[in-house]
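coords-v4.json, holding JSON, C-alpha atoms:
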```json
[["chain", "number", "residue", "atom", "x", "y", "z"],
["A", 949, "MET", "CA", 0.00, 0.00, 0.00],
["A", 950, "SER", "CA", 2.82, 2.36, 0.88],
["A", 951, "SER", "CA", 4.57, 1.62, -2.41],
["A", 952, "MET", "CA", 1.42, 2.57, -4.34],
["A", 953, "THR", "CA", 1.17, 5.80, -2.38],
["A", 954, "SER", "CA", 4.80, 6.69, -3.11],
["A", 955, "VAL", "CA", 4.28, 5.98, -6.82],
["A", 956, "LYS", "CA", 1.24, 8.30, -6.88],
["A", 957, "ARG", "CA", 3.19, 11.00, -5.10],
["A", 958, "MET", "CA", 6.03, 10.65, -7.58],
["A", 959, "ARG", "CA", 3.63, 10.92, -10.52],
["A", 960, "THR", "CA", 1.99, 13.96, -8.97],
["A", 961, "SER", "CA", 5.40, 15.56, -8.43],
["A", 962, "ILE", "CA", 6.48, 14.86, -12.00],
["A", 963, "LYS", "CA", 3.21, 16.25, -13.36],
["A", 964, "ALA", "CA", 3.57, 19.39, -11.24],
["A", 965, "GLN", "CA", 7.14, 19.91, -12.48],
["A", 966, "TYR", "CA", 5.96, 19.40, -16.06],
["A", 967, "ASN", "CA", 3.18, 21.97, -15.62],
["A", 968, "VAL", "CA", 5.63, 24.46, -14.13],
["A", 969, "SER", "CA", 8.01, 23.91, -17.05],
["A", 970, "ILE", "CA", 5.22, 24.45, -19.56],
["A", 971, "GLY", "CA", 4.11, 27.58, -17.73],
["A", 972, "ILE", "CA", 7.62, 29.05, -17.77],
["A", 973, "ARG", "CA", 7.96, 28.34, -21.48],
["A", 974, "LEU", "CA", 4.63, 30.00, -22.22],
["A", 975, "ILE", "CA", 5.61, 33.08, -20.23],
["A", 976, "ILE", "CA", 8.94, 33.34, -22.05],
["A", 977, "ALA", "CA", 7.21, 32.88, -25.42],
["A", 978, "LEU", "CA", 4.67, 35.56, -24.53],
["A", 979, "LEU", "CA", 7.42, 38.00, -23.54],
["A", 980, "LEU", "CA", 9.29, 37.36, -26.79],
["A", 981, "ILE", "CA", 6.13, 37.90, -28.82],
["A", 982, "VAL", "CA", 5.40, 41.18, -27.03],
["A", 983, "PHE", "CA", 9.04, 42.26, -27.43],
["A", 984, "SER", "CA", 8.97, 41.63, -31.19],
["A", 985, "ILE", "CA", 5.49, 42.99, -31.93],
["A", 986, "PHE", "CA", 5.63, 46.16, -29.82],
["A", 987, "PRO", "CA", 7.88, 48.17, -32.22],
["A", 988, "ILE", "CA", 5.57, 47.31, -35.12],
["A", 989, "LEU", "CA", 2.50, 48.38, -33.15],
["A", 990, "TRP", "CA", 4.28, 51.59, -32.16],
["A", 991, "VAL", "CA", 5.06, 52.48, -35.78],
["A", 992, "VAL", "CA", 1.51, 51.63, -36.88],
["A", 993, "SER", "CA", 0.16, 53.81, -34.09],
["A", 994, "ALA", "CA", 2.47, 56.65, -35.12],
["A", 995, "SER", "CA", 1.31, 56.44, -38.73],
["A", 996, "LEU", "CA", -2.32, 56.82, -37.57],
["A", 997, "ASN", "CA", -1.58, 59.67, -35.17],
["A", 998, "PRO", "CA", -3.06, 62.85, -36.74],
["A", 999, "THR", "CA", -0.69, 65.16, -34.85],
["A", 1000, "GLY", "CA", 2.36, 63.53, -36.48],
["A", 1001, "SER", "CA", 4.51, 64.46, -33.49],
["A", 1002, "LEU", "CA", 6.81, 62.17, -31.56],
["A", 1003, "ALA", "CA", 6.19, 64.15, -28.38],
["A", 1004, "THR", "CA", 2.48, 63.25, -28.35],
["A", 1005, "GLN", "CA", 2.94, 59.66, -29.48],
["A", 1006, "LYS", "CA", 0.84, 57.05, -27.65],
["A", 1007, "LEU", "CA", 0.18, 53.39, -28.33],
["A", 1008, "ILE", "CA", -3.49, 54.16, -28.93],
["A", 1009, "PRO", "CA", -3.61, 57.63, -30.54],
["A", 1010, "ASP", "CA", -6.48, 60.07, -30.08],
["A", 1011, "ASN", "CA", -8.70, 60.41, -33.17],
["A", 1012, "PRO", "CA", -6.65, 58.04, -35.37],
["A", 1013, "GLY", "CA", -6.81, 58.66, -39.09],
["A", 1014, "LEU", "CA", -5.02, 58.38, -42.43],
["A", 1015, "GLU", "CA", -3.84, 61.98, -42.62],
["A", 1016, "ASN", "CA", -0.16, 60.99, -42.61],
["A", 1017, "PHE", "CA", -0.73, 58.61, -45.53],
["A", 1018, "ARG", "CA", -2.58, 61.34, -47.44],
["A", 1019, "ILE", "CA", 0.34, 63.72, -46.95],
["A", 1020, "LEU", "CA", 2.71, 61.00, -48.06],
["A", 1021, "MET", "CA", 0.76, 60.28, -51.25],
["A", 1022, "THR", "CA", -0.17, 63.79, -52.35],
["A", 1023, "SER", "CA", 2.31, 66.21, -50.85],
["A", 1024, "GLY", "CA", 4.80, 67.78, -53.24],
["A", 1025, "GLN", "CA", 7.39, 68.26, -50.50],
["A", 1026, "PHE", "CA", 9.27, 65.10, -51.40],
["A", 1027, "PRO", "CA", 9.13, 62.51, -54.25],
["A", 1028, "PHE", "CA", 8.15, 59.48, -52.19],
["A", 1029, "TRP", "CA", 7.16, 57.27, -55.12],
["A", 1030, "ARG", "CA", 10.38, 58.07, -56.96],
["A", 1031, "TRP", "CA", 12.37, 56.94, -53.92],
["A", 1032, "PHE", "CA", 10.23, 53.84, -53.65],
["A", 1033, "GLY", "CA", 10.80, 53.01, -57.32],
["A", 1034, "ASN", "CA", 14.54, 53.63, -57.00],
["A", 1035, "SER", "CA", 14.75, 51.14, -54.14],
["A", 1036, "LEU", "CA", 12.81, 48.52, -56.07],
["A", 1037, "LYS", "CA", 14.94, 49.05, -59.19],
["A", 1038, "ILE", "CA", 18.28, 48.88, -57.39],
["A", 1039, "ALA", "CA", 17.29, 45.86, -55.31],
["A", 1040, "THR", "CA", 15.93, 43.97, -58.33],
["A", 1041, "ILE", "CA", 18.93, 44.60, -60.59],
["A", 1042, "THR", "CA", 21.40, 43.78, -57.82],
["A", 1043, "SER", "CA", 19.55, 40.59, -56.95],
["A", 1044, "VAL", "CA", 19.42, 39.35, -60.56],
["A", 1045, "LEU", "CA", 23.07, 40.14, -61.35],
["A", 1046, "SER", "CA", 24.34, 38.77, -58.04],
["A", 1047, "LEU", "CA", 22.33, 35.58, -58.48],
["A", 1048, "SER", "CA", 23.73, 35.03, -61.98],
["A", 1049, "ILE", "CA", 27.35, 35.54, -60.95],
["A", 1050, "THR", "CA", 26.97, 33.57, -57.74],
["A", 1051, "THR", "CA", 25.39, 30.58, -59.48],
["A", 1052, "ILE", "CA", 28.15, 30.27, -62.06],
["A", 1053, "ALA", "CA", 30.91, 30.76, -59.48],
["A", 1054, "GLY", "CA", 29.36, 28.28, -57.06],
["A", 1055, "TYR", "CA", 29.07, 25.69, -59.83],
["A", 1056, "ALA", "CA", 32.73, 26.15, -60.77],
["A", 1057, "PHE", "CA", 33.92, 25.77, -57.16],
["A", 1058, "SER", "CA", 31.73, 22.73, -56.57],
["A", 1059, "ARG", "CA", 32.23, 20.76, -59.77],
["A", 1060, "PHE", "CA", 35.66, 21.73, -61.11],
["A", 1061, "ARG", "CA", 39.03, 20.95, -59.57],
["A", 1062, "PHE", "CA", 41.73, 23.54, -60.29],
["A", 1063, "ARG", "CA", 44.84, 24.91, -58.64],
["A", 1064, "GLY", "CA", 44.12, 27.47, -55.92],
["A", 1065, "ARG", "CA", 40.49, 26.43, -55.49],
["A", 1066, "GLN", "CA", 40.66, 25.93, -51.72],
["A", 1067, "THR", "CA", 42.73, 29.08, -51.25],
["A", 1068, "MET", "CA", 40.25, 31.17, -53.19],
["A", 1069, "LEU", "CA", 37.34, 29.81, -51.16],
["A", 1070, "LYS", "CA", 39.10, 30.64, -47.91],
["A", 1071, "LEU", "CA", 39.99, 34.11, -49.13],
["A", 1072, "ILE", "CA", 36.37, 34.78, -50.10],
["A", 1073, "LEU", "CA", 35.27, 33.74, -46.63],
["A", 1074, "LEU", "CA", 38.05, 35.73, -44.96],
["A", 1075, "ILE", "CA", 37.07, 38.93, -46.77],
["A", 1076, "GLN", "CA", 33.55, 38.64, -45.37],
["A", 1077, "VAL", "CA", 34.93, 38.73, -41.82],
["A", 1078, "PHE", "CA", 35.86, 42.40, -42.12],
["A", 1079, "PRO", "CA", 32.93, 44.85, -41.75],
["A", 1080, "ALA", "CA", 32.01, 46.75, -44.87],
["A", 1081, "LEU", "CA", 32.19, 50.02, -42.93],
["A", 1082, "LEU", "CA", 35.97, 49.67, -42.80],
["A", 1083, "ALA", "CA", 36.09, 50.18, -46.56],
["A", 1084, "LEU", "CA", 33.51, 52.99, -46.66],
["A", 1085, "VAL", "CA", 36.01, 55.82, -47.18],
["A", 1086, "ALA", "CA", 38.01, 53.80, -49.71],
["A", 1087, "THR", "CA", 34.81, 52.92, -51.58],
["A", 1088, "PHE", "CA", 33.76, 56.55, -51.73],
["A", 1089, "LEU", "CA", 37.16, 57.68, -53.04],
["A", 1090, "MET", "CA", 37.30, 54.86, -55.60],
["A", 1091, "ILE", "CA", 33.82, 55.62, -56.97],
["A", 1092, "SER", "CA", 34.61, 59.35, -56.99],
["A", 1093, "GLN", "CA", 37.80, 58.86, -59.01],
["A", 1094, "LEU", "CA", 36.14, 56.30, -61.26],
["A", 1095, "GLY", "CA", 33.43, 58.84, -62.03],
["A", 1096, "ASP", "CA", 36.04, 61.23, -63.41],
["A", 1097, "VAL", "CA", 36.76, 58.68, -66.13],
["A", 1098, "LEU", "CA", 33.34, 57.02, -66.48],
["A", 1099, "PRO", "CA", 30.61, 59.38, -65.21],
["A", 1100, "ALA", "CA", 27.94, 56.70, -65.71],
["A", 1101, "ILE", "CA", 29.32, 54.73, -62.76],
["A", 1102, "GLY", "CA", 30.49, 57.65, -60.65],
["A", 1103, "LEU", "CA", 28.99, 59.30, -57.59],
["A", 1104, "ASN", "CA", 25.25, 59.94, -57.50],
["A", 1105, "THR", "CA", 24.44, 57.11, -59.92],
["A", 1106, "HIS", "CA", 22.52, 53.94, -59.31],
["A", 1107, "ALA", "CA", 25.08, 51.98, -61.35],
["A", 1108, "SER", "CA", 27.86, 52.74, -58.87],
["A", 1109, "LEU", "CA", 25.69, 51.70, -55.95],
["A", 1110, "ILE", "CA", 24.76, 48.45, -57.69],
["A", 1111, "LEU", "CA", 28.43, 47.66, -58.38],
["A", 1112, "VAL", "CA", 29.32, 48.18, -54.71],
["A", 1113, "TYR", "CA", 26.41, 45.99, -53.61],
["A", 1114, "LEU", "CA", 27.50, 43.25, -56.02],
["A", 1115, "GLY", "CA", 31.00, 43.23, -54.57],
["A", 1116, "GLY", "CA", 29.71, 42.87, -51.03],
["A", 1117, "ALA", "CA", 27.22, 40.11, -51.79],
["A", 1118, "MET", "CA", 29.50, 37.63, -53.51],
["A", 1119, "GLY", "CA", 31.27, 35.94, -50.59],
["A", 1120, "ILE", "CA", 28.62, 34.33, -48.43],
["A", 1121, "ASN", "CA", 26.35, 33.67, -51.41],
["A", 1122, "ILE", "CA", 29.05, 31.71, -53.23],
["A", 1123, "TRP", "CA", 29.50, 29.55, -50.15],
["A", 1124, "LEU", "CA", 25.74, 28.98, -49.89],
["A", 1125, "MET", "CA", 25.53, 28.03, -53.55],
["A", 1126, "LYS", "CA", 28.55, 25.75, -53.37],
["A", 1127, "GLY", "CA", 27.18, 24.01, -50.27],
["A", 1128, "PHE", "CA", 23.90, 23.32, -52.03],
["A", 1129, "LEU", "CA", 25.63, 22.10, -55.20],
["A", 1130, "ASP", "CA", 27.70, 19.67, -53.14],
["A", 1131, "THR", "CA", 24.45, 17.91, -52.13],
["A", 1132, "ILE", "CA", 23.58, 17.18, -55.78],
["A", 1133, "PRO", "CA", 25.09, 13.80, -56.81],
["A", 1134, "ARG", "CA", 27.91, 13.94, -59.33],
["A", 1135, "ASP", "CA", 26.39, 10.89, -61.03],
["A", 1136, "ILE", "CA", 24.10, 13.30, -62.86],
["A", 1137, "ASP", "CA", 27.08, 15.07, -64.41],
["A", 1138, "GLU", "CA", 28.88, 11.83, -65.27],
["A", 1139, "SER", "CA", 25.81, 10.29, -66.90],
["A", 1140, "ALA", "CA", 25.30, 13.38, -69.03],
["A", 1141, "MET", "CA", 28.95, 13.44, -70.06],
["A", 1142, "VAL", "CA", 28.66, 9.83, -71.24],
["A", 1143, "GLU", "CA", 25.80, 10.98, -73.47],
["A", 1144, "GLY", "CA", 28.03, 13.71, -74.91],
["A", 1145, "ALA", "CA", 26.69, 16.75, -73.03],
["A", 1146, "THR", "CA", 28.98, 19.72, -72.47],
["A", 1147, "ASP", "CA", 29.55, 21.35, -69.08],
["A", 1148, "TRP", "CA", 27.29, 24.26, -70.04],
["A", 1149, "GLN", "CA", 24.49, 21.91, -71.11],
["A", 1150, "ILE", "CA", 24.81, 19.98, -67.87],
["A", 1151, "PHE", "CA", 24.65, 23.19, -65.88],
["A", 1152, "THR", "CA", 21.72, 24.81, -67.67],
["A", 1153, "ARG", "CA", 19.54, 21.75, -68.38],
["A", 1154, "LEU", "CA", 20.22, 19.40, -65.47],
["A", 1155, "ILE", "CA", 21.74, 21.25, -62.51],
["A", 1156, "LEU", "CA", 20.02, 24.62, -62.71],
["A", 1157, "PRO", "CA", 16.45, 23.26, -62.31],
["A", 1158, "LEU", "CA", 17.59, 21.47, -59.13],
["A", 1159, "LEU", "CA", 18.90, 24.72, -57.65],
["A", 1160, "ARG", "CA", 15.49, 26.33, -57.29],
["A", 1161, "PRO", "CA", 15.42, 26.38, -53.43],
["A", 1162, "ILE", "CA", 18.84, 27.99, -53.00],
["A", 1163, "LEU", "CA", 18.24, 30.36, -55.92],
["A", 1164, "ILE", "CA", 15.17, 31.68, -54.12],
["A", 1165, "VAL", "CA", 17.08, 32.03, -50.84],
["A", 1166, "ILE", "CA", 19.99, 33.94, -52.36],
["A", 1167, "SER", "CA", 17.78, 36.21, -54.43],
["A", 1168, "ILE", "CA", 15.64, 37.07, -51.39],
["A", 1169, "LEU", "CA", 18.64, 37.70, -49.16],
["A", 1170, "ASN", "CA", 20.18, 39.95, -51.79],
["A", 1171, "TYR", "CA", 16.92, 41.78, -52.38],
["A", 1172, "ILE", "CA", 16.24, 42.43, -48.72],
["A", 1173, "GLY", "CA", 19.82, 43.44, -47.98],
["A", 1174, "THR", "CA", 20.02, 46.00, -50.79],
["A", 1175, "TYR", "CA", 16.44, 47.23, -50.43],
["A", 1176, "GLY", "CA", 16.95, 48.20, -46.78],
["A", 1177, "GLU", "CA", 20.59, 49.34, -46.98],
["A", 1178, "PHE", "CA", 21.16, 52.93, -45.87],
["A", 1179, "ILE", "CA", 24.82, 53.84, -45.22],
["A", 1180, "LEU", "CA", 26.33, 53.19, -48.65],
["A", 1181, "ALA", "CA", 23.33, 54.71, -50.40],
["A", 1182, "ARG", "CA", 23.56, 57.81, -48.21],
["A", 1183, "VAL", "CA", 27.26, 58.24, -49.01],
["A", 1184, "LEU", "CA", 27.16, 57.58, -52.76],
["A", 1185, "LEU", "CA", 23.87, 59.25, -53.71],
["A", 1186, "LYS", "CA", 23.71, 63.05, -53.56],
["A", 1187, "SER", "CA", 20.56, 64.31, -55.29],
["A", 1188, "SER", "CA", 16.97, 63.85, -54.16],
["A", 1189, "GLU", "CA", 15.96, 62.27, -57.49],
["A", 1190, "GLN", "CA", 18.49, 59.48, -57.00],
["A", 1191, "TYR", "CA", 17.74, 58.68, -53.35],
["A", 1192, "THR", "CA", 16.51, 55.29, -52.29],
["A", 1193, "LEU", "CA", 13.51, 55.07, -49.99],
["A", 1194, "MET", "CA", 15.56, 54.68, -46.81],
["A", 1195, "VAL", "CA", 17.78, 57.65, -47.61],
["A", 1196, "GLY", "CA", 14.87, 59.78, -48.76],
["A", 1197, "LEU", "CA", 12.84, 59.21, -45.60],
["A", 1198, "GLN", "CA", 15.84, 59.99, -43.40],
["A", 1199, "VAL", "CA", 16.63, 63.20, -45.27],
["A", 1200, "PHE", "CA", 12.96, 64.19, -45.26],
["A", 1201, "ALA", "CA", 12.71, 63.77, -41.50],
["A", 1202, "GLY", "CA", 16.08, 65.40, -40.83],
["A", 1203, "ALA", "CA", 16.14, 68.00, -38.09],
["A", 1204, "GLN", "CA", 12.33, 68.05, -37.93],
["A", 1205, "PHE", "CA", 12.09, 64.37, -37.06],
["A", 1206, "ASN", "CA", 9.95, 65.14, -34.01],
["A", 1207, "GLN", "CA", 7.34, 66.95, -36.11],
["A", 1208, "ARG", "CA", 7.46, 64.59, -39.12],
["A", 1209, "TRP", "CA", 7.39, 61.35, -37.17],
["A", 1210, "GLY", "CA", 3.89, 60.39, -38.34],
["A", 1211, "VAL", "CA", 4.66, 60.78, -42.05],
["A", 1212, "PHE", "CA", 7.98, 59.01, -41.56],
["A", 1213, "ALA", "CA", 6.19, 56.07, -39.90],
["A", 1214, "ALA", "CA", 3.63, 55.92, -42.71],
["A", 1215, "GLY", "CA", 6.42, 55.81, -45.31],
["A", 1216, "ALA", "CA", 8.23, 53.11, -43.37],
["A", 1217, "LEU", "CA", 5.11, 50.94, -43.31],
["A", 1218, "ILE", "CA", 4.54, 51.28, -47.05],
["A", 1219, "GLY", "CA", 8.23, 50.59, -47.68],
["A", 1220, "ALA", "CA", 8.05, 47.40, -45.62],
["A", 1221, "LEU", "CA", 5.21, 45.93, -47.71],
["A", 1222, "PRO", "CA", 7.40, 44.37, -50.49],
["A", 1223, "ILE", "CA", 9.61, 42.58, -47.96],
["A", 1224, "MET", "CA", 6.61, 41.34, -45.99],
["A", 1225, "ILE", "CA", 4.93, 40.02, -49.13],
["A", 1226, "ILE", "CA", 8.11, 38.23, -50.21],
["A", 1227, "TYR", "CA", 8.55, 36.56, -46.82],
["A", 1228, "LEU", "CA", 4.93, 35.44, -46.61],
["A", 1229, "ALA", "CA", 4.92, 34.07, -50.16],
["A", 1230, "LEU", "CA", 8.28, 32.27, -50.08],
["A", 1231, "GLN", "CA", 8.89, 31.35, -46.43],
["A", 1232, "ASP", "CA", 8.88, 27.60, -47.10],
["A", 1233, "GLN", "CA", 11.46, 27.93, -49.87],
["A", 1234, "ILE", "CA", 13.67, 30.10, -47.66],
["A", 1235, "VAL", "CA", 13.82, 27.51, -44.88],
["A", 1236, "GLY", "CA", 14.27, 24.62, -47.31],
["A", 1237, "GLY", "CA", 17.07, 26.27, -49.23],
["A", 1238, "LEU", "CA", 19.05, 27.21, -46.13],
["A", 1239, "THR", "CA", 18.79, 23.76, -44.49],
["A", 1240, "GLN", "CA", 19.52, 21.75, -47.64],
["A", 1241, "GLY", "CA", 22.66, 23.74, -48.28],
["A", 1242, "ALA", "CA", 24.09, 23.24, -44.80],
["A", 1243, "VAL", "CA", 26.83, 20.74, -45.66],
["A", 1244, "LYS", "CA", 30.56, 20.65, -45.07],
["A", 1245, "GLU", "CA", 33.24, 20.71, -47.69]]
```
Once you've parsed the file, please lay out its structure as structure tokens.
Amino acid sequence: MSSMTSVKRMRTSIKAQYNVSIGIRLIIALLLIVFSIFPILWVVSASLNPTGSLATQKLIPDNPGLENFRILMTSGQFPFWRWFGNSLKIATITSVLSLSITTIAGYAFSRFRFRGRQTMLKLILLIQVFPALLALVATFLMISQLGDVLPAIGLNTHASLILVYLGGAMGINIWLMKGFLDTIPRDIDESAMVEGATDWQIFTRLILPLLRPILIVISILNYIGTYGEFILARVLLKSSEQYTLMVGLQVFAGAQFNQRWGVFAAGALIGALPIMIIYLALQDQIVGGLTQGAVKE
């Protein structure tokens, strides 16, 4: 009888400990959710605040309305839609070009064996260790001097900004692409070679269709990184017509940030829509591409 009682007590104790553990996890999850959602709610609230002032900002504004969005859409004070289009254009071109170069380079490093291959891979990874800010002054001077010879890729041009973005996106993307290619069996290549296919035919007709998950991941990472980048765009772009959305909103707010907070928040929300749509539409492919490419050399 005593043994049965002790067993029941043990079960009760284990159940109580389990309930406490579940409760702690729920509390932590709730805190994390609140921590992550609160900034978004604060920006949404600011965009609906008719006063547009940071000093009077509350989580639930008085007399909420769409006045800030109306000012954003119709005001002639700043070319919001031009900035928005510039960001979309730069991010799209950078993503397409980077994806093309990265795919070809990753295929070469994965499938071909040549002298210096390992050294080049390590150097590419080593370069990524150093923050891009360390080269900010050198980048500015290089683009400035290059513009004296070729004005089309000098300061205050989208072409120069795209070239800088391409240089910074190569390293980690090549490693991601190579890691994914290493998971594709080489038997596919060998079988095609027996049939007389060239390396380019193997790449375009057999390998490329299998790269769809990692192609989506790299293109999205490039797009998001360039779409939301601020520092390089602020340094290399000088005129209002050339500004990206992030630079334009920052310059618009400027010294009157406290008074223009509502319009700034409304512009930030509209600017976040493309990224949100991309994540919602392609979240499964993002996770699949990252996990499938996680292999060692």
(request) Pick out the closest residue to Thr1105 in chain A from this set: A:Leu1184, A:Ala1145, A:Leu1228, A:Ile970. Count only C-alpha atoms. (result) A:Leu1184
(message) Quick check, in Å to one decimal: how far apart do CA of Asn1104 in chain A and CA of Ile1049 in chain A lie?
(response) 24.7 Å
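Distance-wise, CA of Ile1132 in chain A and CA of Pro1157 in chain A end up 11.4 Å apart.
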(request) Please identify all polymer residues within 6 Å of range 1003-1012 of chain A, counting all atoms listed in the file, omitting same-chain residues fewer than 2 positions from it, and present them as number ranges by chain. (result) A: 990, 993, 996-997, 1001
(message) Env of Val1112 in chain A: 12 Å cut, atoms = only C-alpha atoms, seq-sep filter 4 positions within chain, self excluded. Answer as a list in words.
(response) Ile1038, Thr1042, Ser1046, Ala1080, Ala1083, Leu1084, Ala1086, Thr1087, Phe1088, Met1090, Ile1091, Ile1101, Gly1102, Leu1103, Thr1105, His1106, Ala1107, Ser1108, Gly1116, Ala1117, Met1118, Thr1174, Glu1177, Ile1179, Leu1180, Ala1181, Val1183 and Leu1184 of chain A
Using all atoms listed in the file, determine which residues lie at most 10 Å from Ile1155 in chain A, disregarding the query and same-chain residues fewer than 2 positions distant; provide the list as a PDB file with C-alpha atoms, keeping the file's coordinate frame.
```pdb
ATOM      1  CA  TYR A1055      29.070  25.690 -59.830  1.00  0.00           C
ATOM      2  CA  LEU A1129      25.630  22.100 -55.200  1.00  0.00           C
ATOM      3  CA  ILE A1132      23.580  17.180 -55.780  1.00  0.00           C
ATOM      4  CA  PRO A1133      25.090  13.800 -56.810  1.00  0.00           C
ATOM      5  CA  ILE A1136      24.100  13.300 -62.860  1.00  0.00           C
ATOM      6  CA  ASP A1137      27.080  15.070 -64.410  1.00  0.00           C
ATOM      7  CA  TRP A1148      27.290  24.260 -70.040  1.00  0.00           C
ATOM      8  CA  GLN A1149      24.490  21.910 -71.110  1.00  0.00           C
ATOM      9  CA  ILE A1150      24.810  19.980 -67.870  1.00  0.00           C
ATOM     10  CA  PHE A1151      24.650  23.190 -65.880  1.00  0.00           C
ATOM     11  CA  THR A1152      21.720  24.810 -67.670  1.00  0.00           C
ATOM     12  CA  ARG A1153      19.540  21.750 -68.380  1.00  0.00           C
ATOM     13  CA  PRO A1157      16.450  23.260 -62.310  1.00  0.00           C
ATOM     14  CA  LEU A1158      17.590  21.470 -59.130  1.00  0.00           C
ATOM     15  CA  LEU A1159      18.900  24.720 -57.650  1.00  0.00           C
ATOM     16  CA  ARG A1160      15.490  26.330 -57.290  1.00  0.00           C
TER      17      ARG A1160
END
```
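One finds CA of Ile1162 in chain A at 6.7 Å from CA of Met1125 in chain A.
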(request) Would you list the contacts of Gln1198 in chain A as a PyMOL selection string, taking every protein, DNA or RNA residue within 12 Å and counting all atoms listed in the file, but skipping same-chain residues closer than 3 positions in sequence? (result) chain A and resi 1026+1028+1031+1178-1179+1181-1182+1188+1191-1195+1201-1205+1208-1209+1211-1213+1215-1216
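Nearest residue to Ala1214 in chain A among A:Leu1197, A:Val968, A:Leu980, A:Gly1119 is A:Leu1197, counting only C-alpha atoms.
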(request) Pick out the residues sitting within 9 Å of Leu1163 in chain A, and hand them over as a list in words; count all atoms listed in the file, and ignore anything fewer than 2 positions along from it in its own chain. (result) Leu1047, Thr1051, Met1125, Leu1159, Arg1160, Pro1161, Val1165, Ile1166, Ser1167, Ile1168 and Gly1237 of chain A
Go ahead and save the residues from that selection, with C-alpha atoms, as an mmCIF file, in the frame of the given file.
```cif
data_model
loop_
_atom_site.group_PDB
_atom_site.id
_atom_site.type_symbol
_atom_site.label_atom_id
_atom_site.label_comp_id
_atom_site.auth_asym_id
_atom_site.auth_seq_id
_atom_site.Cartn_x
_atom_site.Cartn_y
_atom_site.Cartn_z
ATOM 1 C CA LEU A 1047 22.330 35.580 -58.480
ATOM 2 C CA THR A 1051 25.390 30.580 -59.480
ATOM 3 C CA MET A 1125 25.530 28.030 -53.550
ATOM 4 C CA LEU A 1159 18.900 24.720 -57.650
ATOM 5 C CA ARG A 1160 15.490 26.330 -57.290
ATOM 6 C CA PRO A 1161 15.420 26.380 -53.430
ATOM 7 C CA VAL A 1165 17.080 32.030 -50.840
ATOM 8 C CA ILE A 1166 19.990 33.940 -52.360
ATOM 9 C CA SER A 1167 17.780 36.210 -54.430
ATOM 10 C CA ILE A 1168 15.640 37.070 -51.390
ATOM 11 C CA GLY A 1237 17.070 26.270 -49.230
#
```
Report, as AutoDock Vina command-line options, the centre and edge lengths in Å (one decimal) of the axis-aligned box enclosing every listed atom of range 1151-1168 of chain A, padded by 5 Å on each side.
```
--center_x 19.9 --center_y 28.2 --center_z -59.6 --size_x 19.5 --size_y 27.7 --size_z 27.5
```
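Closest approach to Gly1196 in chain A among A:Val1077, A:Pro987, A:Ser961, A:Gly1219 is made by A:Gly1219 (distances from all atoms listed in the file).
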